[in-house]
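Just structure.pdb here, PDB, C-alpha atoms and all ligand atoms:
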ATOM      1  CA  MET A   1       0.000   0.000   0.000
ATOM      2  CA  GLN A   2       2.801   2.205   0.898
ATOM      3  CA  GLY A   3       4.239   1.623  -2.523
ATOM      4  CA  LYS A   4       0.910   2.370  -4.222
ATOM      5  CA  ALA A   5       0.465   5.502  -2.125
ATOM      6  CA  ALA A   6       3.946   6.509  -3.109
ATOM      7  CA  ARG A   7       3.190   5.795  -6.788
ATOM      8  CA  VAL A   8      -0.053   7.843  -6.532
ATOM      9  CA  ALA A   9       1.844  10.600  -4.844
ATOM     10  CA  ILE A  10       4.525  10.451  -7.499
ATOM     11  CA  THR A  11       1.872  10.335 -10.252
ATOM     12  CA  ASN A  12       0.230  13.370  -8.719
ATOM     13  CA  VAL A  13       3.516  15.122  -8.584
ATOM     14  CA  ILE A  14       4.093  14.287 -12.228
ATOM     15  CA  ARG A  15       0.561  15.333 -13.118
ATOM     16  CA  HIS A  16       1.090  18.443 -11.124
ATOM     17  CA  SER A  17       4.345  19.156 -12.827
ATOM     18  CA  GLN A  18       2.774  18.324 -16.181
ATOM     19  CA  ALA A  19       0.100  20.868 -15.361
ATOM     20  CA  ASN A  20       2.852  23.246 -14.308
ATOM     21  CA  ARG A  21       4.734  22.510 -17.453
ATOM     22  CA  ALA A  22       1.565  23.177 -19.422
ATOM     23  CA  GLN A  23       1.177  26.415 -17.534
ATOM     24  CA  VAL A  24       4.803  27.227 -18.075
ATOM     25  CA  ARG A  25       4.457  26.386 -21.745
ATOM     26  CA  PHE A  26       1.299  28.456 -21.884
ATOM     27  CA  ALA A  27       3.058  31.319 -20.182
ATOM     28  CA  PHE A  28       5.977  30.876 -22.540
ATOM     29  CA  ARG A  29       3.631  30.883 -25.483
ATOM     30  CA  ASP A  30       2.095  34.102 -24.184
ATOM     31  CA  LYS A  31       5.533  35.543 -23.725
ATOM     32  CA  HIS A  32       6.494  34.236 -27.119
ATOM     33  CA  THR A  33       3.490  36.015 -28.585
ATOM     34  CA  ASP A  34       4.580  39.150 -26.755
ATOM     35  CA  TYR A  35       8.088  38.766 -28.112
ATOM     36  CA  ARG A  36       6.709  38.552 -31.606
ATOM     37  CA  ARG A  37       4.625  41.616 -30.996
ATOM     38  CA  LEU A  38       7.594  43.452 -29.512
ATOM     39  CA  ALA A  39       9.635  42.408 -32.526
ATOM     40  CA  MET A  40       7.983  45.301 -34.314
ATOM     41  CA  LEU A  41      10.505  47.902 -33.286
ATOM     42  CA  LEU A  42       8.427  51.013 -33.869
ATOM     43  CA  GLU A  43       4.920  50.037 -32.874
ATOM     44  CA  ASN A  44       2.871  53.072 -31.768
ATOM     45  CA  LYS A  45       5.564  55.465 -32.992
ATOM     46  CA  VAL A  46       4.914  58.406 -35.273
ATOM     47  CA  ALA A  47       7.701  59.313 -37.698
ATOM     48  CA  ILE A  48       8.241  62.183 -40.107
ATOM     49  CA  ILE A  49      10.541  61.611 -43.060
ATOM     50  CA  TYR A  50      11.513  64.660 -45.121
ATOM     51  CA  GLY A  51      12.769  63.811 -48.593
ATOM     52  CA  ALA A  52      10.743  60.601 -48.564
ATOM     53  CA  GLY A  53      10.512  60.761 -52.363
ATOM     54  CA  GLY A  54      14.233  59.963 -52.651
ATOM     55  CA  PRO A  55      15.769  56.493 -52.472
ATOM     56  CA  ILE A  56      17.177  56.865 -48.952
ATOM     57  CA  GLY A  57      14.023  58.503 -47.600
ATOM     58  CA  GLY A  58      11.909  55.828 -49.280
ATOM     59  CA  ALA A  59      13.970  52.990 -47.803
ATOM     60  CA  VAL A  60      13.735  54.497 -44.337
ATOM     61  CA  ALA A  61       9.971  55.028 -44.681
ATOM     62  CA  ARG A  62       9.429  51.406 -45.761
ATOM     63  CA  ALA A  63      11.475  50.081 -42.848
ATOM     64  CA  PHE A  64       9.787  52.336 -40.293
ATOM     65  CA  ALA A  65       6.329  51.344 -41.564
ATOM     66  CA  ARG A  66       7.269  47.657 -41.593
ATOM     67  CA  GLU A  67       8.281  48.033 -37.949
ATOM     68  CA  GLY A  68       4.894  49.447 -37.065
ATOM     69  CA  ALA A  69       5.409  53.214 -37.195
ATOM     70  CA  ARG A  70       2.838  55.529 -38.691
ATOM     71  CA  VAL A  71       4.905  57.422 -41.245
ATOM     72  CA  PHE A  72       4.326  60.941 -42.510
ATOM     73  CA  LEU A  73       6.069  61.310 -45.857
ATOM     74  CA  ALA A  74       7.136  64.866 -46.674
ATOM     75  CA  GLY A  75       8.764  66.090 -49.849
ATOM     76  CA  ARG A  76       8.357  68.268 -52.907
ATOM     77  CA  THR A  77       6.606  65.983 -55.388
ATOM     78  CA  TRP A  78       3.163  64.529 -54.701
ATOM     79  CA  ALA A  79       3.470  61.708 -57.231
ATOM     80  CA  LYS A  80       6.582  60.198 -55.616
ATOM     81  CA  LEU A  81       5.167  60.501 -52.108
ATOM     82  CA  ASP A  82       1.770  59.062 -53.015
ATOM     83  CA  GLN A  83       3.324  56.132 -54.860
ATOM     84  CA  LEU A  84       5.370  55.268 -51.792
ATOM     85  CA  ALA A  85       2.392  55.725 -49.462
ATOM     86  CA  ASP A  86       0.270  53.408 -51.637
ATOM     87  CA  GLU A  87       2.991  50.760 -51.515
ATOM     88  CA  ILE A  88       3.296  51.038 -47.731
ATOM     89  CA  ARG A  89      -0.479  50.862 -47.247
ATOM     90  CA  SER A  90      -0.793  47.885 -49.574
ATOM     91  CA  ASN A  91       1.726  46.104 -47.333
ATOM     92  CA  GLY A  92      -0.370  46.840 -44.256
ATOM     93  CA  GLY A  93       1.453  49.975 -43.078
ATOM     94  CA  ALA A  94       0.154  53.417 -42.183
ATOM     95  CA  ALA A  95       1.359  56.337 -44.296
ATOM     96  CA  ASP A  96       0.288  59.934 -44.943
ATOM     97  CA  THR A  97       1.792  62.350 -47.426
ATOM     98  CA  ALA A  98       2.411  66.099 -47.517
ATOM     99  CA  VAL A  99       4.194  68.457 -49.863
ATOM    100  CA  VAL A 100       6.406  70.502 -47.565
ATOM    101  CA  ASP A 101       9.423  72.615 -48.415
ATOM    102  CA  ALA A 102      11.864  71.739 -45.645
ATOM    103  CA  LEU A 103      13.510  75.127 -46.113
ATOM    104  CA  GLU A 104      10.351  77.125 -45.372
ATOM    105  CA  GLU A 105      10.031  77.929 -41.688
ATOM    106  CA  ARG A 106       6.252  78.402 -41.606
ATOM    107  CA  ALA A 107       5.593  75.402 -43.837
ATOM    108  CA  VAL A 108       7.655  73.091 -41.624
ATOM    109  CA  ASP A 109       6.113  74.358 -38.390
ATOM    110  CA  GLN A 110       2.576  74.101 -39.752
ATOM    111  CA  PHE A 111       3.222  70.629 -41.114
ATOM    112  CA  VAL A 112       4.510  69.359 -37.772
ATOM    113  CA  ASP A 113       1.558  70.990 -35.983
ATOM    114  CA  ALA A 114      -0.769  69.154 -38.381
ATOM    115  CA  VAL A 115       0.990  65.825 -37.800
ATOM    116  CA  VAL A 116       0.624  66.153 -34.047
ATOM    117  CA  GLU A 117      -2.999  67.215 -34.409
ATOM    118  CA  GLN A 118      -3.674  64.133 -36.520
ATOM    119  CA  ALA A 119      -1.490  61.544 -34.820
ATOM    120  CA  GLY A 120      -1.247  62.976 -31.307
ATOM    121  CA  GLN A 121       2.538  62.882 -31.095
ATOM    122  CA  ILE A 122       5.811  62.846 -32.944
ATOM    123  CA  ASP A 123       8.491  60.360 -31.971
ATOM    124  CA  ILE A 124      10.968  60.416 -34.849
ATOM    125  CA  SER A 125      12.089  63.086 -37.318
ATOM    126  CA  PHE A 126      14.481  62.208 -40.129
ATOM    127  CA  ASN A 127      15.599  64.828 -42.649
ATOM    128  CA  LEU A 128      16.745  63.213 -45.901
ATOM    129  CA  ILE A 129      16.307  65.994 -48.432
ATOM    130  CA  SER A 130      18.916  66.653 -51.086
ATOM    131  CA  TYR A 131      21.112  69.748 -50.769
ATOM    132  CA  GLY A 132      21.530  70.858 -54.394
ATOM    133  CA  ASP A 133      25.289  70.382 -54.183
ATOM    134  CA  VAL A 134      27.523  71.080 -57.172
ATOM    135  CA  GLN A 135      30.411  68.637 -57.052
ATOM    136  CA  VAL A 136      33.456  70.239 -58.708
ATOM    137  CA  PRO A 137      36.923  71.153 -57.347
ATOM    138  CA  LEU A 138      37.015  74.179 -55.067
ATOM    139  CA  THR A 139      39.223  76.094 -57.504
ATOM    140  CA  GLU A 140      36.436  75.899 -60.081
ATOM    141  CA  ILE A 141      33.334  76.531 -58.001
ATOM    142  CA  SER A 142      31.442  79.793 -57.491
ATOM    143  CA  VAL A 143      30.854  80.926 -53.943
ATOM    144  CA  GLU A 144      27.094  80.461 -54.442
ATOM    145  CA  ASP A 145      27.496  76.867 -55.582
ATOM    146  CA  PHE A 146      29.956  76.191 -52.770
ATOM    147  CA  LEU A 147      27.600  77.544 -50.119
ATOM    148  CA  GLN A 148      24.439  75.970 -51.568
ATOM    149  CA  PRO A 149      24.651  72.565 -49.818
ATOM    150  CA  ILE A 150      25.972  74.073 -46.601
ATOM    151  CA  THR A 151      23.209  76.647 -46.157
ATOM    152  CA  THR A 152      20.531  74.226 -47.390
ATOM    153  CA  ALA A 153      21.614  71.489 -45.006
ATOM    154  CA  MET A 154      21.906  73.864 -42.065
ATOM    155  CA  ARG A 155      18.558  75.529 -42.692
ATOM    156  CA  ALA A 156      16.643  72.299 -43.274
ATOM    157  CA  HIS A 157      18.176  70.435 -40.335
ATOM    158  CA  PHE A 158      17.700  73.359 -37.979
ATOM    159  CA  LEU A 159      14.071  73.973 -38.992
ATOM    160  CA  THR A 160      12.926  70.362 -39.081
ATOM    161  CA  THR A 161      14.610  69.526 -35.786
ATOM    162  CA  ARG A 162      13.288  72.612 -34.009
ATOM    163  CA  ALA A 163       9.745  71.955 -35.222
ATOM    164  CA  ALA A 164       9.763  68.369 -33.900
ATOM    165  CA  VAL A 165      11.514  69.243 -30.685
ATOM    166  CA  ARG A 166       8.747  71.679 -29.668
ATOM    167  CA  TYR A 167       6.549  68.610 -29.166
ATOM    168  CA  MET A 168       9.208  66.120 -28.080
ATOM    169  CA  LEU A 169      10.190  68.362 -25.165
ATOM    170  CA  LYS A 170       6.655  68.145 -23.767
ATOM    171  CA  ARG A 171       6.758  64.331 -23.773
ATOM    172  CA  GLY A 172      10.372  64.044 -22.651
ATOM    173  CA  SER A 173      11.298  61.712 -25.501
ATOM    174  CA  GLY A 174      12.051  61.623 -29.200
ATOM    175  CA  VAL A 175      14.662  60.769 -31.798
ATOM    176  CA  ILE A 176      16.151  63.059 -34.442
ATOM    177  CA  LEU A 177      18.109  61.286 -37.160
ATOM    178  CA  ALA A 178      20.521  62.587 -39.784
ATOM    179  CA  PHE A 179      22.321  60.923 -42.668
ATOM    180  CA  GLY A 180      25.853  61.586 -43.873
ATOM    181  CA  GLY A 181      28.514  61.762 -41.185
ATOM    182  CA  ASP A 182      31.695  63.752 -40.674
ATOM    183  CA  GLY A 183      35.340  62.841 -40.195
ATOM    184  CA  PRO A 184      38.676  63.360 -41.882
ATOM    185  CA  GLN A 185      37.945  61.155 -44.896
ATOM    186  CA  THR A 186      37.043  63.129 -47.989
ATOM    187  CA  LEU A 187      37.679  63.198 -51.733
ATOM    188  CA  PRO A 188      38.706  65.869 -54.208
ATOM    189  CA  GLY A 189      35.953  67.507 -56.249
ATOM    190  CA  LEU A 190      33.080  67.399 -53.764
ATOM    191  CA  GLY A 191      32.514  71.177 -53.736
ATOM    192  CA  GLY A 192      30.693  72.111 -50.534
ATOM    193  CA  PHE A 193      29.055  68.709 -50.058
ATOM    194  CA  LYS A 194      31.432  67.162 -47.493
ATOM    195  CA  VAL A 195      31.684  70.496 -45.705
ATOM    196  CA  ALA A 196      27.883  70.420 -45.417
ATOM    197  CA  LEU A 197      27.989  66.894 -43.922
ATOM    198  CA  ASP A 198      30.606  68.078 -41.394
ATOM    199  CA  ALA A 199      28.400  71.059 -40.532
ATOM    200  CA  ILE A 200      25.391  68.781 -39.962
ATOM    201  CA  GLU A 201      27.454  66.918 -37.372
ATOM    202  CA  GLY A 202      28.350  70.173 -35.602
ATOM    203  CA  LEU A 203      24.672  71.058 -35.432
ATOM    204  CA  ARG A 204      23.775  67.530 -34.331
ATOM    205  CA  ARG A 205      26.244  67.767 -31.421
ATOM    206  CA  GLN A 206      24.824  71.113 -30.345
ATOM    207  CA  TRP A 207      21.241  69.816 -30.394
ATOM    208  CA  ALA A 208      22.294  66.591 -28.664
ATOM    209  CA  CYS A 209      23.868  68.338 -25.705
ATOM    210  CA  GLU A 210      20.907  70.685 -25.298
ATOM    211  CA  LEU A 211      18.229  67.998 -25.721
ATOM    212  CA  GLY A 212      19.814  64.992 -23.985
ATOM    213  CA  PRO A 213      18.627  66.094 -20.528
ATOM    214  CA  HIS A 214      15.079  66.130 -21.960
ATOM    215  CA  GLY A 215      15.252  62.526 -23.164
ATOM    216  CA  ILE A 216      15.694  63.390 -26.838
ATOM    217  CA  ARG A 217      18.318  61.468 -28.817
ATOM    218  CA  LEU A 218      20.215  62.623 -31.911
ATOM    219  CA  VAL A 219      22.042  60.140 -34.102
ATOM    220  CA  THR A 220      23.584  60.263 -37.569
ATOM    221  CA  LEU A 221      23.875  57.246 -39.844
ATOM    222  CA  LYS A 222      26.914  57.167 -42.100
ATOM    223  CA  THR A 223      27.633  54.965 -45.091
ATOM    224  CA  GLY A 224      30.474  54.873 -47.562
ATOM    225  CA  GLY A 225      27.896  55.437 -50.333
ATOM    226  CA  VAL A 226      24.828  53.429 -51.339
ATOM    227  CA  PRO A 227      25.197  52.210 -54.956
ATOM    228  CA  GLU A 228      21.439  51.683 -55.423
ATOM    229  CA  THR A 229      20.990  55.464 -55.223
ATOM    230  CA  ILE A 230      23.166  55.980 -58.305
ATOM    231  CA  PRO A 231      20.968  55.997 -61.425
ATOM    232  CA  ASN A 232      21.652  53.096 -63.796
ATOM    233  CA  ASP A 233      22.503  55.461 -66.646
ATOM    234  CA  TYR A 234      24.882  57.604 -64.560
ATOM    235  CA  PRO A 235      28.208  57.968 -66.434
ATOM    236  CA  GLY A 236      30.909  55.737 -64.932
ATOM    237  CA  ARG A 237      28.426  54.019 -62.570
ATOM    238  CA  ALA A 238      30.142  50.614 -62.714
ATOM    239  CA  GLU A 239      33.545  52.125 -61.859
ATOM    240  CA  ILE A 240      32.070  54.161 -59.016
ATOM    241  CA  VAL A 241      30.353  51.107 -57.532
ATOM    242  CA  ALA A 242      33.561  49.047 -57.860
ATOM    243  CA  SER A 243      35.580  51.763 -56.125
ATOM    244  CA  LEU A 244      33.033  51.973 -53.271
ATOM    245  CA  GLU A 245      33.276  48.211 -52.783
ATOM    246  CA  GLN A 246      37.067  48.207 -52.927
ATOM    247  CA  ALA A 247      37.251  50.971 -50.336
ATOM    248  CA  ALA A 248      35.283  48.891 -47.840
ATOM    249  CA  LEU A 249      37.001  46.368 -45.552
ATOM    250  CA  LEU A 250      34.104  43.979 -46.102
ATOM    251  CA  ASN A 251      34.315  44.376 -49.895
ATOM    252  CA  ARG A 252      30.680  45.326 -50.004
ATOM    253  CA  THR A 253      28.577  48.427 -49.485
ATOM    254  CA  ALA A 254      25.438  49.283 -47.542
ATOM    255  CA  THR A 255      22.207  48.568 -49.389
ATOM    256  CA  LEU A 256      19.036  50.622 -49.078
ATOM    257  CA  ALA A 257      17.622  47.778 -46.985
ATOM    258  CA  ASP A 258      20.635  48.060 -44.638
ATOM    259  CA  VAL A 259      20.000  51.786 -44.231
ATOM    260  CA  GLY A 260      16.324  51.172 -43.414
ATOM    261  CA  ASN A 261      17.040  48.324 -40.994
ATOM    262  CA  VAL A 262      19.662  50.225 -39.020
ATOM    263  CA  ALA A 263      17.593  53.417 -39.025
ATOM    264  CA  ALA A 264      14.612  51.504 -37.610
ATOM    265  CA  PHE A 265      16.747  50.032 -34.844
ATOM    266  CA  VAL A 266      18.392  53.356 -33.975
ATOM    267  CA  ALA A 267      14.988  55.075 -33.908
ATOM    268  CA  SER A 268      13.542  52.413 -31.617
ATOM    269  CA  ASP A 269      13.562  52.199 -27.834
ATOM    270  CA  GLN A 270      15.991  49.289 -28.194
ATOM    271  CA  ALA A 271      18.609  51.954 -28.940
ATOM    272  CA  ARG A 272      17.677  54.097 -25.934
ATOM    273  CA  THR A 273      21.341  54.390 -24.894
ATOM    274  CA  ILE A 274      22.538  55.765 -28.232
ATOM    275  CA  THR A 275      22.767  59.517 -28.679
ATOM    276  CA  ALA A 276      25.213  62.239 -29.713
ATOM    277  CA  THR A 277      27.016  59.908 -32.083
ATOM    278  CA  GLU A 278      27.251  58.442 -35.546
ATOM    279  CA  VAL A 279      26.313  54.884 -36.410
ATOM    280  CA  ASN A 280      28.767  53.713 -38.999
ATOM    281  CA  ILE A 281      27.317  51.329 -41.608
ATOM    282  CA  SER A 282      30.061  51.874 -44.159
ATOM    283  CA  CYS A 283      31.218  48.205 -44.139
ATOM    284  CA  GLY A 284      34.588  49.491 -42.960
ATOM    285  CA  ALA A 285      35.072  52.096 -45.685
ATOM    286  CA  LEU A 286      35.087  54.846 -43.061
ATOM    287  CA  MET A 287      37.356  53.901 -40.177
ATOM    288  CA  ASP A 288      36.563  55.481 -36.802
TER     289      ASP A 288
HETATM  290  N1  LIG B 301      22.897  58.319 -51.591
HETATM  291  C1  LIG B 301      23.983  58.245 -50.855
HETATM  292  O1  LIG B 301      24.791  57.322 -50.947
HETATM  293  C2  LIG B 301      24.262  59.358 -49.864
HETATM  294  C3  LIG B 301      25.455  59.383 -49.128
HETATM  295  C4  LIG B 301      25.660  60.399 -48.214
HETATM  296  C5  LIG B 301      24.684  61.362 -48.030
HETATM  297  N2  LIG B 301      23.550  61.335 -48.772
HETATM  298  C6  LIG B 301      22.556  62.362 -48.569
HETATM  299  O2  LIG B 301      21.341  61.763 -48.094
HETATM  300  C7  LIG B 301      20.219  62.510 -48.571
HETATM  301  C8  LIG B 301      19.245  61.576 -49.286
HETATM  302  O3  LIG B 301      19.881  60.952 -50.377
HETATM  303  P1  LIG B 301      19.063  60.484 -51.663
HETATM  304  O4  LIG B 301      20.034  59.778 -52.514
HETATM  305  O5  LIG B 301      17.805  59.777 -51.245
HETATM  306  O6  LIG B 301      18.685  61.924 -52.280
HETATM  307  P2  LIG B 301      17.764  62.335 -53.539
HETATM  308  O7  LIG B 301      17.613  61.218 -54.505
HETATM  309  O8  LIG B 301      18.294  63.586 -54.092
HETATM  310  O9  LIG B 301      16.323  62.588 -52.881
HETATM  311  C9  LIG B 301      16.111  63.624 -52.007
HETATM  312  C10 LIG B 301      14.633  63.929 -51.900
HETATM  313  O10 LIG B 301      14.532  65.164 -51.174
HETATM  314  C11 LIG B 301      13.499  65.944 -51.746
HETATM  315  N3  LIG B 301      13.772  67.364 -51.462
HETATM  316  C12 LIG B 301      14.763  68.132 -51.962
HETATM  317  N4  LIG B 301      14.692  69.371 -51.464
HETATM  318  C13 LIG B 301      13.618  69.413 -50.647
HETATM  319  C14 LIG B 301      13.018  70.408 -49.846
HETATM  320  N5  LIG B 301      13.518  71.650 -49.785
HETATM  321  N6  LIG B 301      11.944  70.090 -49.108
HETATM  322  C15 LIG B 301      11.420  68.842 -49.147
HETATM  323  N7  LIG B 301      11.947  67.825 -49.874
HETATM  324  C16 LIG B 301      13.036  68.112 -50.624
HETATM  325  C17 LIG B 301      13.560  65.644 -53.216
HETATM  326  O11 LIG B 301      12.308  65.943 -53.769
HETATM  327  P3  LIG B 301      12.022  65.829 -55.342
HETATM  328  O12 LIG B 301      11.731  64.377 -55.543
HETATM  329  O13 LIG B 301      10.845  66.671 -55.600
HETATM  330  O14 LIG B 301      13.268  66.284 -56.041
HETATM  331  C18 LIG B 301      13.932  64.157 -53.248
HETATM  332  O15 LIG B 301      12.795  63.338 -53.310
HETATM  333  C19 LIG B 301      20.788  63.616 -49.469
HETATM  334  O16 LIG B 301      20.971  64.792 -48.703
HETATM  335  C20 LIG B 301      22.152  63.075 -49.857
HETATM  336  O17 LIG B 301      23.059  64.112 -50.167
HETATM  337  C21 LIG B 301      23.307  60.348 -49.671
END

Could you show the structure in this file as structure tokens?
Amino acid sequence: MQGKAARVAITNVIRHSQANRAQVRFAFRDKHTDYRRLAMLLENKVAIIYGAGGPIGGAVARAFAREGARVFLAGRTWAKLDQLADEIRSNGGAADTAVVDALEERAVDQFVDAVVEQAGQIDISFNLISYGDVQVPLTEISVEDFLQPITTAMRAHFLTTRAAVRYMLKRGSGVILAFGGDGPQTLPGLGGFKVALDAIEGLRRQWACELGPHGIRLVTLKTGGVPETIPNDYPGRAEIVASLEQAALLNRTATLADVGNVAAFVASDQARTITATEVNISCGALMD
């Protein structure tokens, strides 16, 4: 009897632990479901992308939307923005479009006001407009052409950041992203373009130190060039792409998908410790 009692007791224990295991498995499954839900990096986030009609802006918008963000696509040309928004919506994402000149103070402020009125918040602002740079040697460039990318970049980054920050300060959180990166590496014949990228980093540092105490992060992504952004019919394209690959330690370059993936991570709460810095996705072309 003692043995039977022991067997019953043991059976009960096993049953009990089976039940526990079931519970544990159930709990794990719940957690697993949560993990899958959390795997969307930008759920419930609202992002503005200026220059969304360009290849980099488009890649970032797709990645943000895929990760659950509601994206507001701003740029100069309706057709490009609407095409991208349609694509995002047809893949289950949430996208709105607006023609906004990122150099116009009132237009930018009003646009950001409208986004917050519609979406209730703004979590991410990424300025990816082009700067109208003229890439020729400095000895051959006019002062206007030299200054063009520098003043454009400064004006657009200052205005778009300030407009977003007005709302981010109230919530004590937010992420401002830039694209380009500074550093000693440069090439002859870039006109004012690299100087503009260096200036963006100076501005980014200034914003970062003023906004850090308010929970707002500023990060720049830098690549060694993204070949997909070079038009297929661009003269010397093959040589340019080969030289970009050769310059990289990994013998490859960042793709548009890489830019979007890293941007989504950096914009997410998973990257809450990252601010006042560059994230280098140059495959080793730009050594830090
Ligand atoms: N591609 C690269 O490898 C690389 C490397 C380093 C840095 N960058 C920089 O990253 C940025 C994005 O590159 P990208 O290749 O995607 O550029 P892109 O092809 O020139 O596209 C830029 C987009 O910005 C829009 N835009 C221009 N001025 C604007 C303004 N004032 N207000 C609102 N939108 C404006 C343009 O509108 P429209 O369509 O109407 O012209 C265009 O859709 C550029 O600043 C570029 O210099 C790129």

Would you pick out the contacts of Ala47 in chain A at 6 Å or less, using only C-alpha atoms, so that residues sharing its chain but fewer than 5 positions from it are not included, and give the list as a compact mmCIF listing (two decimals) with C-alpha atoms, in the frame of the given file?
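Dumped everything to part32.txt:
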# COMPACT_ATOMS: atom_id res chain seq x y z
CA VAL A 71 4.90 57.42 -41.24
CA ASP A 123 8.49 60.36 -31.97
CA ILE A 124 10.97 60.42 -34.85
CA SER A 125 12.09 63.09 -37.32

Explicit residue set for the PyMOL selection byres (((chain A and resi 230) around 12) and not hetatm), as a ChimeraX atom specification: /A:54-56,225-229,231-241,244,255-256

Neighbours of range 175-181 of chain A within 7 Å (all atoms listed in the file; same-chain residues fewer than 4 positions away dropped), as an MDAnalysis selection string? chainID A and resid 123:128 161 197:198 201 216:223 267 278

To test your reading of the syntax: which residues would the PyMOL selection byres (((chain A and resi 107) around 12) and not hetatm) return for the file shown? Reply as a list of chain:residue names. A:Ala74, A:Gly75, A:Arg76, A:Ala98, A:Val99, A:Val100, A:Asp101, A:Ala102, A:Leu103, A:Glu104, A:Glu105, A:Arg106, A:Val108, A:Asp109, A:Gln110, A:Phe111, A:Val112, A:Asp113, A:Ala114, A:Ala156, A:Leu159, A:Thr160, A:Ala163

Identify the residues around (0.3, 51.7, -49.7) within a radius of 12 Å, measuring from all atoms listed in the file in the coordinates stated by the file, and give them as a PyMOL selection string. chain A and resi 61-62+65-66+70-71+73+81-97

What gap, in Å, lies between CA of Arg272 in chain A and atom C7 of ligand LIG 301 (chain B)?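 Result for CA of Arg272 in chain A versus atom C7 of ligand LIG 301 (chain B): 24.3 Å, one decimal.
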
So what do you get for CA of Ala52 in chain A versus CA of Thr152 in chain A, distance-wise?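 Straight-line distance from CA of Ala52 in chain A to CA of Thr152 in chain A works out to 16.8 Å.
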
Pick the closest to ligand LIG 301 (chain B) from A:Leu187, A:Leu203, A:Leu41, A:Ala254: which is it, counting all atoms listed in the file?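 Going through A:Leu187, A:Leu203, A:Leu41, A:Ala254 one by one, the smallest distance to ligand LIG 301 (chain B) is for A:Ala254.
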
Give, as AutoDock Vina command-line options, the centre coordinates and the x, y and z edge lengths in Å to one decimal for an axis-aligned box around all listed atoms of ligand LIG 301 (chain B), padded by 3 Å on each side.
--center_x 18.3 --center_y 64.5 --center_z -52.0 --size_x 20.8 --size_y 20.3 --size_z 14.0

Ranking A:Glu43, A:Asp288, A:Glu140, A:Asp258 by minimum distance to Val60 in chain A and counting all atoms listed in the file, which one comes first? A:Asp258

Selected residue, from A:Pro149, A:Pro137, A:Gly174, A:Pro184, that lies nearest to ligand LIG 301 (chain B) when counting only C-alpha atoms and all ligand atoms: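 Smallest distance to ligand LIG 301 (chain B) is found for A:Pro149.
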
Selection in question (the file shown): the PyMOL selection byres (((chain A and resi 189-193) around 7) and not hetatm). Which residues does it include, as a list in words?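 When the PyMOL selection byres (((chain A and resi 189-193) around 7) and not hetatm) is applied to the shown file, the picked residues are Asp133, Val134, Gln135, Val136, Pro137, Leu138, Ile141, Phe146, Leu147, Pro149, Ile150, Leu187, Pro188, Lys194, Val195, Ala196 and Leu197 of chain A.
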
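For the atom pair formed by CA of Gly120 in chain A and CA of Glu67 in chain A, the distance is 18.9 Å, given to one decimal.
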
If we count all atoms listed in the file, what is near Met40 in chain A at a cut-off of 12 Å, once residues fewer than 5 positions away on the same chain are taken out, given as a list in words?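 The neighbour list is Thr33, Asp34, Tyr35, Lys45, Ala63, Phe64, Ala65, Arg66, Glu67, Gly68, Ala69, Gly93, Asn261, Ala264, Phe265, Ser268, Asp269 and Gln270 of chain A.
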
Go through A:Met287, A:Ala153, A:Leu169, A:Ala79 and flag the residue nearest Ala199 in chain A, using only C-alpha atoms for the distances.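 Distance minimum relative to Ala199 in chain A lands on A:Ala153.
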
The residue from A:Gly224, A:Ser142, A:Gly260, A:Glu117 with the smallest atom-to-atom distance to Gly57 in chain A, counting all atoms listed in the file, is A:Gly260

Which one of A:Leu211, A:Gly58, A:Gly284, A:His157 sits closest to ligand LIG 301 (chain B) if you count all atoms listed in the file?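 Looking only at the distances to ligand LIG 301 (chain B), the closest residue turns out to be A:Gly58.
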